[in-house]
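The structure file entry04.cif is reproduced below (mmCIF, C-alpha atoms and all ligand atoms).
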```
data_work
#
loop_
_atom_site.label_atom_id
_atom_site.label_comp_id
_atom_site.auth_asym_id
_atom_site.auth_seq_id
_atom_site.Cartn_x
_atom_site.Cartn_y
_atom_site.Cartn_z
CA MET A 1 -152.42 -27.57 -80.29
CA GLN A 2 -152.34 -28.56 -76.63
CA TYR A 3 -150.33 -26.82 -73.92
CA ASP A 4 -150.29 -26.05 -70.21
CA ILE A 5 -148.26 -22.98 -69.27
CA LYS A 6 -148.48 -20.14 -66.75
CA ASP A 7 -149.45 -17.16 -68.89
CA ILE A 8 -149.36 -16.70 -72.68
CA LYS A 9 -149.04 -12.93 -72.15
CA LEU A 10 -145.43 -13.41 -71.04
CA SER A 11 -144.42 -14.32 -74.60
CA GLU A 12 -142.91 -10.96 -75.60
CA LYS A 13 -140.41 -11.00 -72.76
CA GLY A 14 -139.62 -14.64 -73.58
CA ASN A 15 -139.02 -13.78 -77.22
CA LEU A 16 -136.45 -11.11 -76.38
CA ARG A 17 -134.65 -13.36 -73.91
CA ILE A 18 -134.55 -16.24 -76.43
CA GLU A 19 -133.02 -13.85 -78.99
CA TRP A 20 -130.46 -12.73 -76.40
CA ALA A 21 -129.44 -16.35 -75.72
CA GLU A 22 -129.20 -17.07 -79.44
CA ASN A 23 -126.55 -14.33 -79.71
CA PHE A 24 -124.27 -16.56 -77.65
CA MET A 25 -125.07 -19.87 -79.38
CA PRO A 26 -123.20 -19.57 -82.67
CA VAL A 27 -122.58 -23.30 -83.15
CA LEU A 28 -126.24 -24.21 -82.65
CA SER A 29 -127.25 -21.34 -84.97
CA GLN A 30 -125.05 -22.75 -87.71
CA ILE A 31 -126.63 -26.18 -87.25
CA LYS A 32 -130.07 -24.54 -87.34
CA ASP A 33 -129.28 -22.87 -90.68
CA ARG A 34 -128.14 -26.17 -92.19
CA PHE A 35 -131.14 -28.04 -90.74
CA PHE A 36 -133.42 -25.41 -92.27
CA LYS A 37 -131.97 -26.08 -95.75
CA GLU A 38 -131.60 -29.87 -95.53
CA LYS A 39 -134.60 -30.83 -93.33
CA PRO A 40 -132.89 -33.96 -91.92
CA LEU A 41 -135.65 -34.43 -89.30
CA LYS A 42 -138.59 -34.04 -91.66
CA GLY A 43 -141.76 -35.52 -90.18
CA ILE A 44 -140.03 -36.87 -87.05
CA LYS A 45 -141.88 -36.37 -83.75
CA VAL A 46 -139.48 -35.29 -81.01
CA GLY A 47 -140.63 -35.24 -77.37
CA ALA A 48 -138.31 -33.28 -75.09
CA CYS A 49 -138.22 -33.30 -71.31
CA LEU A 50 -135.66 -30.58 -70.55
CA HIS A 51 -135.27 -27.52 -68.34
CA VAL A 52 -137.49 -24.97 -70.08
CA THR A 53 -134.99 -22.14 -70.59
CA THR A 54 -134.01 -19.68 -73.31
CA GLU A 55 -131.26 -22.09 -74.39
CA THR A 56 -133.68 -25.00 -74.62
CA ALA A 57 -135.97 -22.78 -76.70
CA ASN A 58 -133.14 -22.36 -79.21
CA LEU A 59 -132.66 -26.13 -79.34
CA MET A 60 -136.40 -26.55 -80.00
CA ARG A 61 -136.21 -23.94 -82.81
CA THR A 62 -133.25 -25.81 -84.32
CA LEU A 63 -135.10 -29.15 -84.34
CA LYS A 64 -138.17 -27.48 -85.80
CA ALA A 65 -136.02 -25.86 -88.51
CA GLY A 66 -134.85 -29.38 -89.35
CA GLY A 67 -138.45 -30.43 -90.02
CA ALA A 68 -139.25 -32.11 -86.69
CA ASP A 69 -142.57 -31.84 -84.92
CA VAL A 70 -141.55 -30.86 -81.35
CA MET A 71 -143.23 -31.16 -77.93
CA LEU A 72 -141.67 -30.00 -74.65
CA CYS A 73 -142.23 -30.61 -70.94
CA ALA A 74 -140.12 -29.64 -67.91
CA SER A 75 -137.42 -31.91 -66.51
CA ASN A 76 -137.74 -30.30 -63.08
CA PRO A 77 -140.74 -28.67 -61.34
CA LEU A 78 -138.80 -25.54 -60.30
CA THR A 79 -136.63 -24.65 -63.30
CA THR A 80 -139.16 -23.54 -65.92
CA GLN A 81 -138.90 -20.00 -67.28
CA ASP A 82 -142.58 -19.17 -67.80
CA ASP A 83 -141.92 -16.44 -70.39
CA VAL A 84 -140.03 -18.98 -72.51
CA SER A 85 -142.94 -21.46 -72.40
CA ALA A 86 -145.30 -18.64 -73.45
CA CYS A 87 -143.13 -17.64 -76.41
CA LEU A 88 -142.66 -21.23 -77.61
CA VAL A 89 -146.42 -21.73 -77.62
CA LYS A 90 -147.42 -18.36 -79.10
CA ASP A 91 -144.64 -17.62 -81.57
CA TYR A 92 -143.32 -21.07 -82.48
CA LYS A 93 -146.50 -23.18 -82.12
CA ILE A 94 -144.66 -25.72 -80.00
CA SER A 95 -146.72 -27.66 -77.42
CA VAL A 96 -145.28 -26.94 -73.98
CA PHE A 97 -146.36 -28.48 -70.67
CA ALA A 98 -144.45 -26.69 -67.92
CA ILE A 99 -145.17 -24.23 -65.11
CA LYS A 100 -142.53 -23.01 -62.67
CA GLY A 101 -143.31 -24.31 -59.17
CA GLU A 102 -145.68 -27.06 -60.33
CA SER A 103 -146.36 -29.88 -57.85
CA ASP A 104 -144.73 -33.28 -58.36
CA LYS A 105 -148.16 -34.58 -59.42
CA ILE A 106 -148.55 -31.96 -62.15
CA TYR A 107 -144.91 -32.44 -63.15
CA TYR A 108 -145.57 -36.13 -63.90
CA SER A 109 -148.91 -35.35 -65.56
CA HIS A 110 -147.03 -32.94 -67.87
CA ILE A 111 -144.57 -35.68 -68.84
CA SER A 112 -147.57 -37.88 -69.52
CA LYS A 113 -149.25 -35.24 -71.70
CA MET A 114 -146.07 -34.81 -73.71
CA LEU A 115 -145.84 -38.58 -74.20
CA ASP A 116 -149.50 -38.77 -75.30
CA SER A 117 -148.39 -37.21 -78.59
CA ASN A 118 -146.41 -40.41 -79.34
CA PRO A 119 -142.92 -39.00 -79.91
CA GLN A 120 -140.46 -41.12 -81.91
CA VAL A 121 -137.34 -39.55 -80.41
CA ILE A 122 -137.04 -38.62 -76.73
CA LEU A 123 -134.74 -35.92 -75.39
CA ASP A 124 -134.38 -36.46 -71.66
CA ASP A 125 -132.61 -34.73 -68.78
CA GLY A 126 -132.43 -37.08 -65.80
CA ALA A 127 -134.17 -40.04 -67.51
CA ASP A 128 -137.60 -39.50 -65.87
CA THR A 129 -139.35 -39.68 -69.25
CA ILE A 130 -137.50 -42.76 -70.43
CA SER A 131 -138.10 -44.52 -67.11
CA GLN A 132 -141.83 -43.56 -67.23
CA LEU A 133 -142.03 -45.08 -70.72
CA HIS A 134 -140.43 -48.33 -69.55
CA LEU A 135 -142.54 -48.52 -66.36
CA ASN A 136 -146.00 -47.33 -67.43
CA ARG A 137 -146.17 -47.00 -71.21
CA LYS A 138 -144.69 -50.21 -72.52
CA GLN A 139 -147.09 -50.21 -75.48
CA GLN A 140 -145.30 -47.11 -76.83
CA LEU A 141 -141.76 -48.49 -76.65
CA SER A 142 -141.73 -50.15 -80.07
CA SER A 143 -142.59 -46.89 -81.86
CA ILE A 144 -139.58 -45.06 -80.42
CA PHE A 145 -136.41 -44.84 -82.54
CA GLY A 146 -134.24 -43.78 -79.62
CA GLY A 147 -133.41 -41.21 -76.97
CA ILE A 148 -130.76 -38.67 -76.11
CA GLU A 149 -129.80 -38.14 -72.47
CA GLU A 150 -128.44 -34.81 -71.26
CA THR A 151 -127.11 -35.39 -67.77
CA THR A 152 -124.79 -37.61 -65.67
CA THR A 153 -127.60 -38.83 -63.39
CA GLY A 154 -129.74 -39.83 -66.37
CA VAL A 155 -126.87 -41.67 -68.07
CA ILE A 156 -126.20 -43.63 -64.86
CA ARG A 157 -129.89 -44.66 -64.69
CA LEU A 158 -129.94 -45.65 -68.37
CA ARG A 159 -126.74 -47.69 -68.06
CA SER A 160 -128.42 -49.59 -65.18
CA MET A 161 -131.38 -50.28 -67.49
CA GLU A 162 -129.00 -51.52 -70.21
CA LYS A 163 -127.24 -53.77 -67.68
CA GLU A 164 -130.58 -55.24 -66.54
CA GLY A 165 -131.40 -55.93 -70.19
CA ILE A 166 -134.62 -53.88 -70.16
CA LEU A 167 -133.58 -50.88 -72.25
CA SER A 168 -135.94 -50.97 -75.23
CA PHE A 169 -134.39 -48.44 -77.61
CA PRO A 170 -130.92 -47.00 -78.28
CA ILE A 171 -129.69 -44.04 -76.24
CA ILE A 172 -127.06 -41.49 -77.12
CA ALA A 173 -125.41 -40.11 -74.01
CA ALA A 174 -125.02 -36.43 -74.90
CA ASN A 175 -123.64 -35.94 -71.39
CA ASP A 176 -120.61 -38.07 -72.17
CA ALA A 177 -119.48 -36.01 -75.16
CA GLU A 178 -116.28 -34.19 -74.30
CA THR A 179 -117.70 -30.93 -75.63
CA LYS A 180 -120.50 -31.43 -73.08
CA TYR A 181 -119.23 -32.63 -69.71
CA LEU A 182 -115.84 -30.89 -69.76
CA PHE A 183 -117.56 -27.53 -70.23
CA ASP A 184 -121.23 -27.73 -69.18
CA ASN A 185 -120.64 -29.80 -66.03
CA ARG A 186 -117.52 -27.87 -65.00
CA TYR A 187 -117.71 -24.24 -66.16
CA GLY A 188 -121.50 -24.21 -66.57
CA THR A 189 -122.30 -25.66 -63.15
CA GLY A 190 -119.42 -23.70 -61.61
CA GLN A 191 -120.77 -20.33 -62.69
CA SER A 192 -124.51 -20.98 -62.54
CA SER A 193 -124.45 -22.55 -59.07
CA ILE A 194 -122.58 -19.60 -57.59
CA ASP A 195 -125.02 -17.36 -59.51
CA GLY A 196 -127.97 -19.21 -57.90
CA ILE A 197 -126.49 -18.90 -54.39
CA LEU A 198 -125.84 -15.19 -54.88
CA ARG A 199 -129.27 -14.41 -56.33
CA ALA A 200 -130.99 -16.34 -53.52
CA THR A 201 -128.91 -15.03 -50.61
CA ASN A 202 -126.69 -12.10 -51.66
CA ARG A 203 -124.23 -13.68 -49.18
CA LEU A 204 -120.56 -12.66 -49.41
CA ILE A 205 -118.52 -15.59 -50.66
CA ALA A 206 -115.11 -14.05 -49.78
CA GLY A 207 -113.93 -15.30 -46.41
CA SER A 208 -116.70 -17.90 -46.10
CA ILE A 209 -116.09 -21.58 -45.42
CA PHE A 210 -117.59 -23.20 -48.49
CA VAL A 211 -118.13 -26.96 -48.47
CA VAL A 212 -118.49 -28.80 -51.80
CA CYS A 213 -119.75 -32.38 -51.46
CA GLY A 214 -118.47 -34.38 -54.43
CA TYR A 215 -115.46 -33.51 -56.62
CA GLY A 216 -116.77 -34.77 -59.98
CA TRP A 217 -116.85 -32.38 -62.93
CA CYS A 218 -119.69 -30.33 -61.39
CA GLY A 219 -118.12 -30.19 -57.92
CA ARG A 220 -114.79 -29.17 -59.46
CA GLY A 221 -116.40 -26.28 -61.27
CA VAL A 222 -118.14 -24.99 -58.15
CA ALA A 223 -115.02 -25.41 -55.98
CA MET A 224 -112.85 -23.59 -58.52
CA ARG A 225 -115.22 -20.62 -58.76
CA ALA A 226 -115.83 -20.39 -54.98
CA LYS A 227 -112.05 -20.38 -54.45
CA GLY A 228 -111.73 -17.67 -57.09
CA MET A 229 -114.14 -15.51 -55.11
CA GLY A 230 -112.11 -15.84 -51.94
CA ALA A 231 -113.86 -18.68 -50.11
CA GLN A 232 -111.99 -21.21 -48.04
CA VAL A 233 -113.12 -24.37 -49.85
CA ILE A 234 -113.52 -27.79 -48.26
CA ILE A 235 -114.17 -30.88 -50.40
CA THR A 236 -115.88 -34.05 -49.17
CA GLU A 237 -115.41 -37.19 -51.29
CA VAL A 238 -115.76 -40.98 -51.23
CA ASP A 239 -113.34 -41.84 -54.05
CA PRO A 240 -109.72 -41.96 -52.85
CA ILE A 241 -108.19 -40.94 -56.18
CA VAL A 242 -110.59 -38.05 -56.66
CA ALA A 243 -110.03 -36.94 -53.04
CA LEU A 244 -106.27 -36.93 -53.72
CA GLU A 245 -106.82 -34.75 -56.77
CA ALA A 246 -108.80 -32.29 -54.65
CA ALA A 247 -106.06 -32.23 -52.00
CA MET A 248 -103.34 -31.62 -54.60
CA GLU A 249 -105.42 -28.85 -56.13
CA GLY A 250 -105.03 -27.14 -52.76
CA PHE A 251 -108.44 -27.82 -51.24
CA GLN A 252 -108.98 -29.07 -47.69
CA VAL A 253 -110.46 -32.57 -47.80
CA MET A 254 -112.36 -34.08 -44.87
CA PRO A 255 -115.44 -36.23 -44.12
CA ILE A 256 -118.81 -34.51 -44.14
CA SER A 257 -119.19 -35.20 -40.40
CA GLU A 258 -116.17 -32.92 -39.77
CA ALA A 259 -117.07 -30.36 -42.41
CA ALA A 260 -120.60 -30.11 -40.95
CA GLU A 261 -119.23 -28.40 -37.82
CA VAL A 262 -117.29 -25.67 -39.63
CA GLY A 263 -118.97 -24.87 -42.96
CA ASP A 264 -120.92 -21.66 -43.68
CA ILE A 265 -122.25 -22.67 -47.12
CA PHE A 266 -122.75 -26.29 -48.25
CA ILE A 267 -123.45 -27.42 -51.79
CA THR A 268 -124.02 -31.04 -52.82
CA ALA A 269 -122.90 -32.26 -56.25
CA THR A 270 -122.70 -36.03 -55.87
CA GLY A 271 -125.76 -37.52 -57.62
CA ASP A 272 -126.37 -39.67 -54.52
CA ILE A 273 -128.88 -39.66 -51.68
CA ARG A 274 -128.72 -38.21 -48.12
CA VAL A 275 -125.22 -36.80 -48.50
CA ILE A 276 -126.24 -34.26 -45.87
CA GLY A 277 -128.40 -36.13 -43.34
CA GLU A 278 -129.82 -35.77 -39.84
CA LYS A 279 -126.58 -36.36 -37.96
CA HIS A 280 -124.77 -33.71 -40.01
CA ILE A 281 -127.52 -31.10 -39.66
CA LYS A 282 -127.38 -31.50 -35.86
CA LEU A 283 -123.71 -30.47 -35.94
CA MET A 284 -124.15 -27.36 -38.10
CA LYS A 285 -123.55 -23.77 -37.00
CA ASP A 286 -126.27 -21.14 -36.69
CA LYS A 287 -127.13 -19.55 -40.09
CA THR A 288 -125.63 -22.34 -42.19
CA ILE A 289 -126.70 -22.25 -45.85
CA LEU A 290 -127.53 -25.55 -47.58
CA CYS A 291 -128.08 -26.09 -51.29
CA ASN A 292 -127.80 -28.71 -53.99
CA THR A 293 -126.65 -28.68 -57.58
CA GLY A 294 -127.11 -32.40 -58.30
CA HIS A 295 -129.96 -33.41 -60.62
CA PHE A 296 -132.44 -34.66 -58.00
CA ASN A 297 -133.50 -33.16 -54.67
CA VAL A 298 -132.34 -36.20 -52.73
CA GLU A 299 -128.85 -35.14 -51.70
CA ILE A 300 -129.98 -33.06 -48.70
CA ASP A 301 -132.32 -34.95 -46.36
CA VAL A 302 -135.07 -32.30 -46.26
CA LYS A 303 -137.38 -34.61 -44.26
CA ALA A 304 -134.73 -34.86 -41.53
CA LEU A 305 -134.35 -31.08 -41.57
CA GLU A 306 -138.09 -30.75 -41.11
CA LYS A 307 -138.10 -33.31 -38.31
CA LEU A 308 -135.34 -31.46 -36.45
CA SER A 309 -137.06 -28.08 -36.77
CA LYS A 310 -139.53 -26.36 -34.47
CA SER A 311 -140.47 -23.78 -37.10
CA LYS A 312 -140.02 -22.90 -40.76
CA ARG A 313 -140.62 -19.70 -42.69
CA LYS A 314 -139.80 -18.37 -46.15
CA ILE A 315 -137.40 -15.50 -45.49
CA ARG A 316 -136.49 -14.59 -49.11
CA ASP A 317 -137.34 -15.99 -52.53
CA PHE A 318 -135.75 -19.44 -52.70
CA VAL A 319 -134.67 -19.32 -49.02
CA ASP A 320 -136.49 -21.29 -46.31
CA GLU A 321 -135.37 -20.65 -42.76
CA TYR A 322 -135.58 -23.71 -40.51
CA THR A 323 -135.19 -23.08 -36.76
CA LEU A 324 -133.91 -26.26 -35.17
CA TYR A 325 -134.80 -27.69 -31.74
CA ASN A 326 -131.47 -26.22 -30.48
CA GLY A 327 -132.34 -22.69 -31.68
CA ARG A 328 -129.87 -22.70 -34.59
CA ARG A 329 -131.14 -21.54 -37.97
CA ILE A 330 -130.47 -23.46 -41.17
CA TYR A 331 -131.21 -21.84 -44.54
CA LEU A 332 -132.27 -24.26 -47.27
CA LEU A 333 -132.13 -22.86 -50.80
CA ALA A 334 -134.62 -23.80 -53.54
CA GLU A 335 -136.10 -26.66 -51.45
CA GLY A 336 -132.91 -28.64 -52.06
CA ARG A 337 -133.55 -28.69 -55.82
CA LEU A 338 -130.99 -27.65 -58.43
CA ILE A 339 -129.86 -24.23 -57.17
CA ASN A 340 -128.47 -23.07 -60.52
CA SER A 341 -131.64 -23.51 -62.55
CA SER A 342 -134.08 -22.74 -59.71
CA ALA A 343 -132.74 -19.49 -58.28
CA ALA A 344 -130.74 -18.45 -61.36
CA GLU A 345 -131.17 -19.24 -65.07
CA GLY A 346 -129.11 -22.41 -65.48
CA HIS A 347 -125.89 -22.47 -67.42
CA PRO A 348 -125.10 -19.52 -69.69
CA ALA A 349 -125.98 -19.77 -73.37
CA SER A 350 -122.31 -19.95 -74.48
CA ILE A 351 -121.99 -23.24 -72.60
CA MET A 352 -125.37 -24.66 -73.65
CA ASP A 353 -124.34 -23.89 -77.24
CA MET A 354 -122.09 -26.95 -77.13
CA SER A 355 -124.38 -29.16 -75.02
CA PHE A 356 -127.36 -28.54 -77.28
CA SER A 357 -125.33 -28.82 -80.49
CA ASN A 358 -124.54 -32.34 -79.25
CA GLN A 359 -128.28 -32.90 -78.74
CA ALA A 360 -129.24 -31.60 -82.20
CA LEU A 361 -126.53 -33.55 -84.05
CA SER A 362 -127.28 -36.67 -81.98
CA VAL A 363 -130.94 -36.55 -83.08
CA GLU A 364 -129.79 -36.34 -86.71
CA TYR A 365 -127.31 -39.21 -86.15
CA LEU A 366 -129.99 -41.33 -84.47
CA ILE A 367 -132.40 -40.85 -87.36
CA LYS A 368 -129.72 -41.66 -89.95
CA ASN A 369 -128.52 -44.77 -88.10
CA LYS A 370 -131.71 -46.06 -86.49
CA GLU A 371 -131.59 -49.39 -88.32
CA LYS A 372 -128.03 -50.11 -87.14
CA LEU A 373 -128.20 -49.07 -83.49
CA GLU A 374 -128.91 -51.65 -80.77
CA ASN A 375 -130.71 -51.10 -77.46
CA LYS A 376 -127.59 -49.77 -75.78
CA VAL A 377 -126.19 -46.54 -74.39
CA TYR A 378 -123.84 -45.02 -77.00
CA LYS A 379 -121.34 -42.18 -76.78
CA VAL A 380 -121.75 -39.26 -79.16
CA PRO A 381 -119.47 -40.14 -82.12
CA MET A 382 -116.05 -38.47 -81.78
CA LYS A 383 -116.52 -36.95 -85.22
CA ILE A 384 -119.48 -34.93 -83.94
CA ASP A 385 -117.62 -34.01 -80.74
CA ASN A 386 -114.58 -32.72 -82.67
CA TYR A 387 -116.76 -30.88 -85.17
CA ILE A 388 -118.49 -28.99 -82.33
CA ALA A 389 -115.13 -28.11 -80.73
CA GLU A 390 -113.82 -26.84 -84.07
CA LEU A 391 -116.88 -24.67 -84.71
CA LYS A 392 -116.79 -23.32 -81.15
CA LEU A 393 -113.09 -22.39 -81.45
CA LYS A 394 -113.81 -20.69 -84.76
CA SER A 395 -116.65 -18.70 -83.21
CA MET A 396 -114.21 -17.56 -80.52
CA ASN A 397 -111.68 -16.54 -83.16
CA ILE A 398 -109.13 -19.03 -81.84
CA LYS A 399 -106.80 -20.84 -84.23
CA ILE A 400 -104.77 -23.92 -83.32
CA ASP A 401 -101.81 -25.83 -84.82
CA LYS A 402 -101.89 -28.93 -87.02
CA LEU A 403 -99.53 -31.91 -86.70
CA THR A 404 -96.87 -32.04 -89.43
CA LYS A 405 -96.57 -35.28 -91.44
CA GLU A 406 -93.36 -36.03 -89.51
CA GLN A 407 -95.13 -35.50 -86.15
CA GLN A 408 -98.05 -37.71 -87.18
CA LYS A 409 -95.63 -40.47 -88.16
CA TYR A 410 -93.72 -40.14 -84.88
CA LEU A 411 -96.91 -40.57 -82.87
CA THR A 412 -97.75 -43.83 -84.61
CA SER A 413 -94.25 -45.37 -84.51
CA TRP A 414 -92.41 -47.03 -81.67
CA GLU A 415 -88.84 -47.43 -82.95
CA THR A 416 -87.43 -44.03 -81.97
CA GLY A 417 -86.40 -43.87 -78.29
CA THR A 418 -83.75 -41.99 -76.27
N1 LIG B 501 -129.10 -27.32 -67.67
C1 LIG B 501 -128.28 -26.47 -67.05
N2 LIG B 501 -128.41 -25.22 -67.54
C2 LIG B 501 -129.36 -25.28 -68.51
C3 LIG B 501 -129.92 -24.32 -69.38
N3 LIG B 501 -129.55 -23.05 -69.36
N4 LIG B 501 -130.86 -24.74 -70.24
C4 LIG B 501 -131.25 -26.05 -70.25
N5 LIG B 501 -130.74 -26.99 -69.47
C5 LIG B 501 -129.80 -26.61 -68.59
#
```
So, in terms of structure tokens, how does the structure I just supplied come out?
Amino acid sequence: MQYDIKDIKLSEKGNLRIEWAENFMPVLSQIKDRFFKEKPLKGIKVGACLHVTTETANLMRTLKAGGADVMLCASNPLTTQDDVSACLVKDYKISVFAIKGESDKIYYSHISKMLDSNPQVILDDGADTISQLHLNRKQQLSSIFGGIEETTTGVIRLRSMEKEGILSFPIIAANDAETKYLFDNRYGTGQSSIDGILRATNRLIAGSIFVVCGYGWCGRGVAMRAKGMGAQVIITEVDPIVALEAAMEGFQVMPISEAAEVGDIFITATGDIRVIGEKHIKLMKDKTILCNTGHFNVEIDVKALEKLSKSKRKIRDFVDEYTLYNGRRIYLLAEGRLINSSAAEGHPASIMDMSFSNQALSVEYLIKNKEKLENKVYKVPMKIDNYIAELKLKSMNIKIDKLTKEQQKYLTSWETGT
């Protein structure tokens, strides 16, 4: 068995933390128990490129219980939990290629090592693995049944590939399941991003001017939680309808060039490049904090920050202090990479329970339907989405109403009016 991890001796700590996370993943646990009995993934090789966390470990255990042969590499150089990698290798005999803080070169070599084992199903988070396969490993494409994509950024990239006509296997967009994005992107990113900022800085949120760039599902979650902690929240947006929503939710809305002059803490959540660039950094106050919660580290122009600085030092874990030519200090968190998974532990297990149940059931669906699916990006079937919501409600001891026959009929008829 091949692997490349930090230290196998960390496995005991990893094991306890994986068990802790499992306590809060009741839906995935139920799927794991069924998979163990039915073995729907028997003999299937699954290659996963995901954040290596306690929650991901429980997904890997579920797929293995279903009979799959599983390999894992990191989907980001800074988000690996090294004790989790150690436990997966030692206790579960899963090949893992991931070390927290690995260079970009090693990060890509780890993806490559994972792909060397010729997986038939790919689980991706950001589409780096699927794009590597299409760019550099074309000979492998025909042996792949399909892929599952975890995040908004990855789904956007894969839809571009579909549009260009180059996508070579079917994709299921786990991100687009309602039990994923409505919860993971909003409440998951909301809590874990604030958690990352607090762990990195211990900065008081109450009374701060907190700028959220992008009011998609992730930005909404962060804005909502920052407001709840007493921040004065400013939203920057490019979409007029979304900006209106933010304004009517009670947030201040303004262009980034205006927000740059007043903000204390900035967080980007747009999925686009150079949202905070040179001209904005020049306007910022002394001791401004910058961080990102979008998938890639492209939203803050770190090169521009470096160019504008006369010195740089690491002042705390995950905090680099840049002193600009004008003497002002800018604090960049986690090198501009995902703050929630770099400085904290990513989304809580209760949220990942639904995201990863979508992943597990999508792998099963893909295997069952591989002959029928075309080389397109598919939504997770609504039946799976509803099933996950029902199990999650049940696990939370929440009951809901059912439509009566009369109500069902009313909703499908048009005759009855005023
Ligand atoms: N993405 C965000 N949070 C995560 C977590 N806890 N595990 C895996 N992927 C994640």
Residues within 6 Å of ligand LIG 501 (chain B), counting all atoms listed in the file, as number ranges by chain: A: 51, 53, 55-56, 345-348
Write out, as a PDB file, in the coordinates of the input, the residues just selected, with C-alpha atoms.
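New file part.pdb:
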```
ATOM      1  CA  HIS A  51    -135.270 -27.520 -68.340  1.00  0.00           C
ATOM      2  CA  THR A  53    -134.990 -22.140 -70.590  1.00  0.00           C
ATOM      3  CA  GLU A  55    -131.260 -22.090 -74.390  1.00  0.00           C
ATOM      4  CA  THR A  56    -133.680 -25.000 -74.620  1.00  0.00           C
ATOM      5  CA  GLU A 345    -131.170 -19.240 -65.070  1.00  0.00           C
ATOM      6  CA  GLY A 346    -129.110 -22.410 -65.480  1.00  0.00           C
ATOM      7  CA  HIS A 347    -125.890 -22.470 -67.420  1.00  0.00           C
ATOM      8  CA  PRO A 348    -125.100 -19.520 -69.690  1.00  0.00           C
TER       9      PRO A 348
END
```
Closest atom pairs, residues of range 55-100 of chain A within 12 Å of range 20-23 of chain A, all atoms listed in the file, as a Markdown table:
```
| residue | atom | partner | partner_atom | distance |
| --- | --- | --- | --- | --- |
| A:Glu55 | CA | A:Ala21 | CA | 6.2 |
| A:Thr56 | CA | A:Ala21 | CA | 9.7 |
| A:Ala57 | CA | A:Ala21 | CA | 9.2 |
| A:Asn58 | CA | A:Glu22 | CA | 6.6 |
| A:Leu59 | CA | A:Glu22 | CA | 9.7 |
| A:Met60 | CA | A:Glu22 | CA | 11.9 |
| A:Arg61 | CA | A:Glu22 | CA | 10.4 |
| A:Thr62 | CA | A:Glu22 | CA | 10.8 |
| A:Val84 | CA | A:Ala21 | CA | 11.4 |
```
So that I have them on file, write out the residues from the current selection with C-alpha atoms, as a PDB file, keeping the file's coordinate frame.
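The result, written out as result.pdb:
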```pdb
ATOM      1  CA  GLU A  55    -131.260 -22.090 -74.390  1.00  0.00           C
ATOM      2  CA  THR A  56    -133.680 -25.000 -74.620  1.00  0.00           C
ATOM      3  CA  ALA A  57    -135.970 -22.780 -76.700  1.00  0.00           C
ATOM      4  CA  ASN A  58    -133.140 -22.360 -79.210  1.00  0.00           C
ATOM      5  CA  LEU A  59    -132.660 -26.130 -79.340  1.00  0.00           C
ATOM      6  CA  MET A  60    -136.400 -26.550 -80.000  1.00  0.00           C
ATOM      7  CA  ARG A  61    -136.210 -23.940 -82.810  1.00  0.00           C
ATOM      8  CA  THR A  62    -133.250 -25.810 -84.320  1.00  0.00           C
ATOM      9  CA  VAL A  84    -140.030 -18.980 -72.510  1.00  0.00           C
TER      10      VAL A  84
END
```
As AutoDock Vina command-line options, what would the box around range 271-286 of chain A look like: edges along x, y and z, 8 Å added on every side, centre and edge lengths in Å to one decimal?
```
--center_x -126.7 --center_y -30.4 --center_z -46.7 --size_x 22.3 --size_y 34.5 --size_z 37.8
```
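Residues of protein, DNA or RNA having at least one counted atom within 10 Å of (-135.6, -35.5, -66.3), given only C-alpha atoms, are A:Ala48, A:Cys49, A:Leu50, A:His51, A:Cys73, A:Ala74, A:Ser75, A:Asn76, A:Pro77, A:Ile111, A:Leu123, A:Asp124, A:Asp125, A:Gly126, A:Ala127, A:Asp128, A:Thr129, A:Ile130, A:Ser131, A:Glu149, A:Glu150, A:Thr151, A:Thr153, A:Gly154, A:His295, A:Phe296.
Of the residues listed (A:Ala65, A:Ser112, A:Lys6, A:Arg34), A:Lys6 shows the shortest atom-to-atom separation from Ile99 in chain A; distances use all atoms listed in the file.
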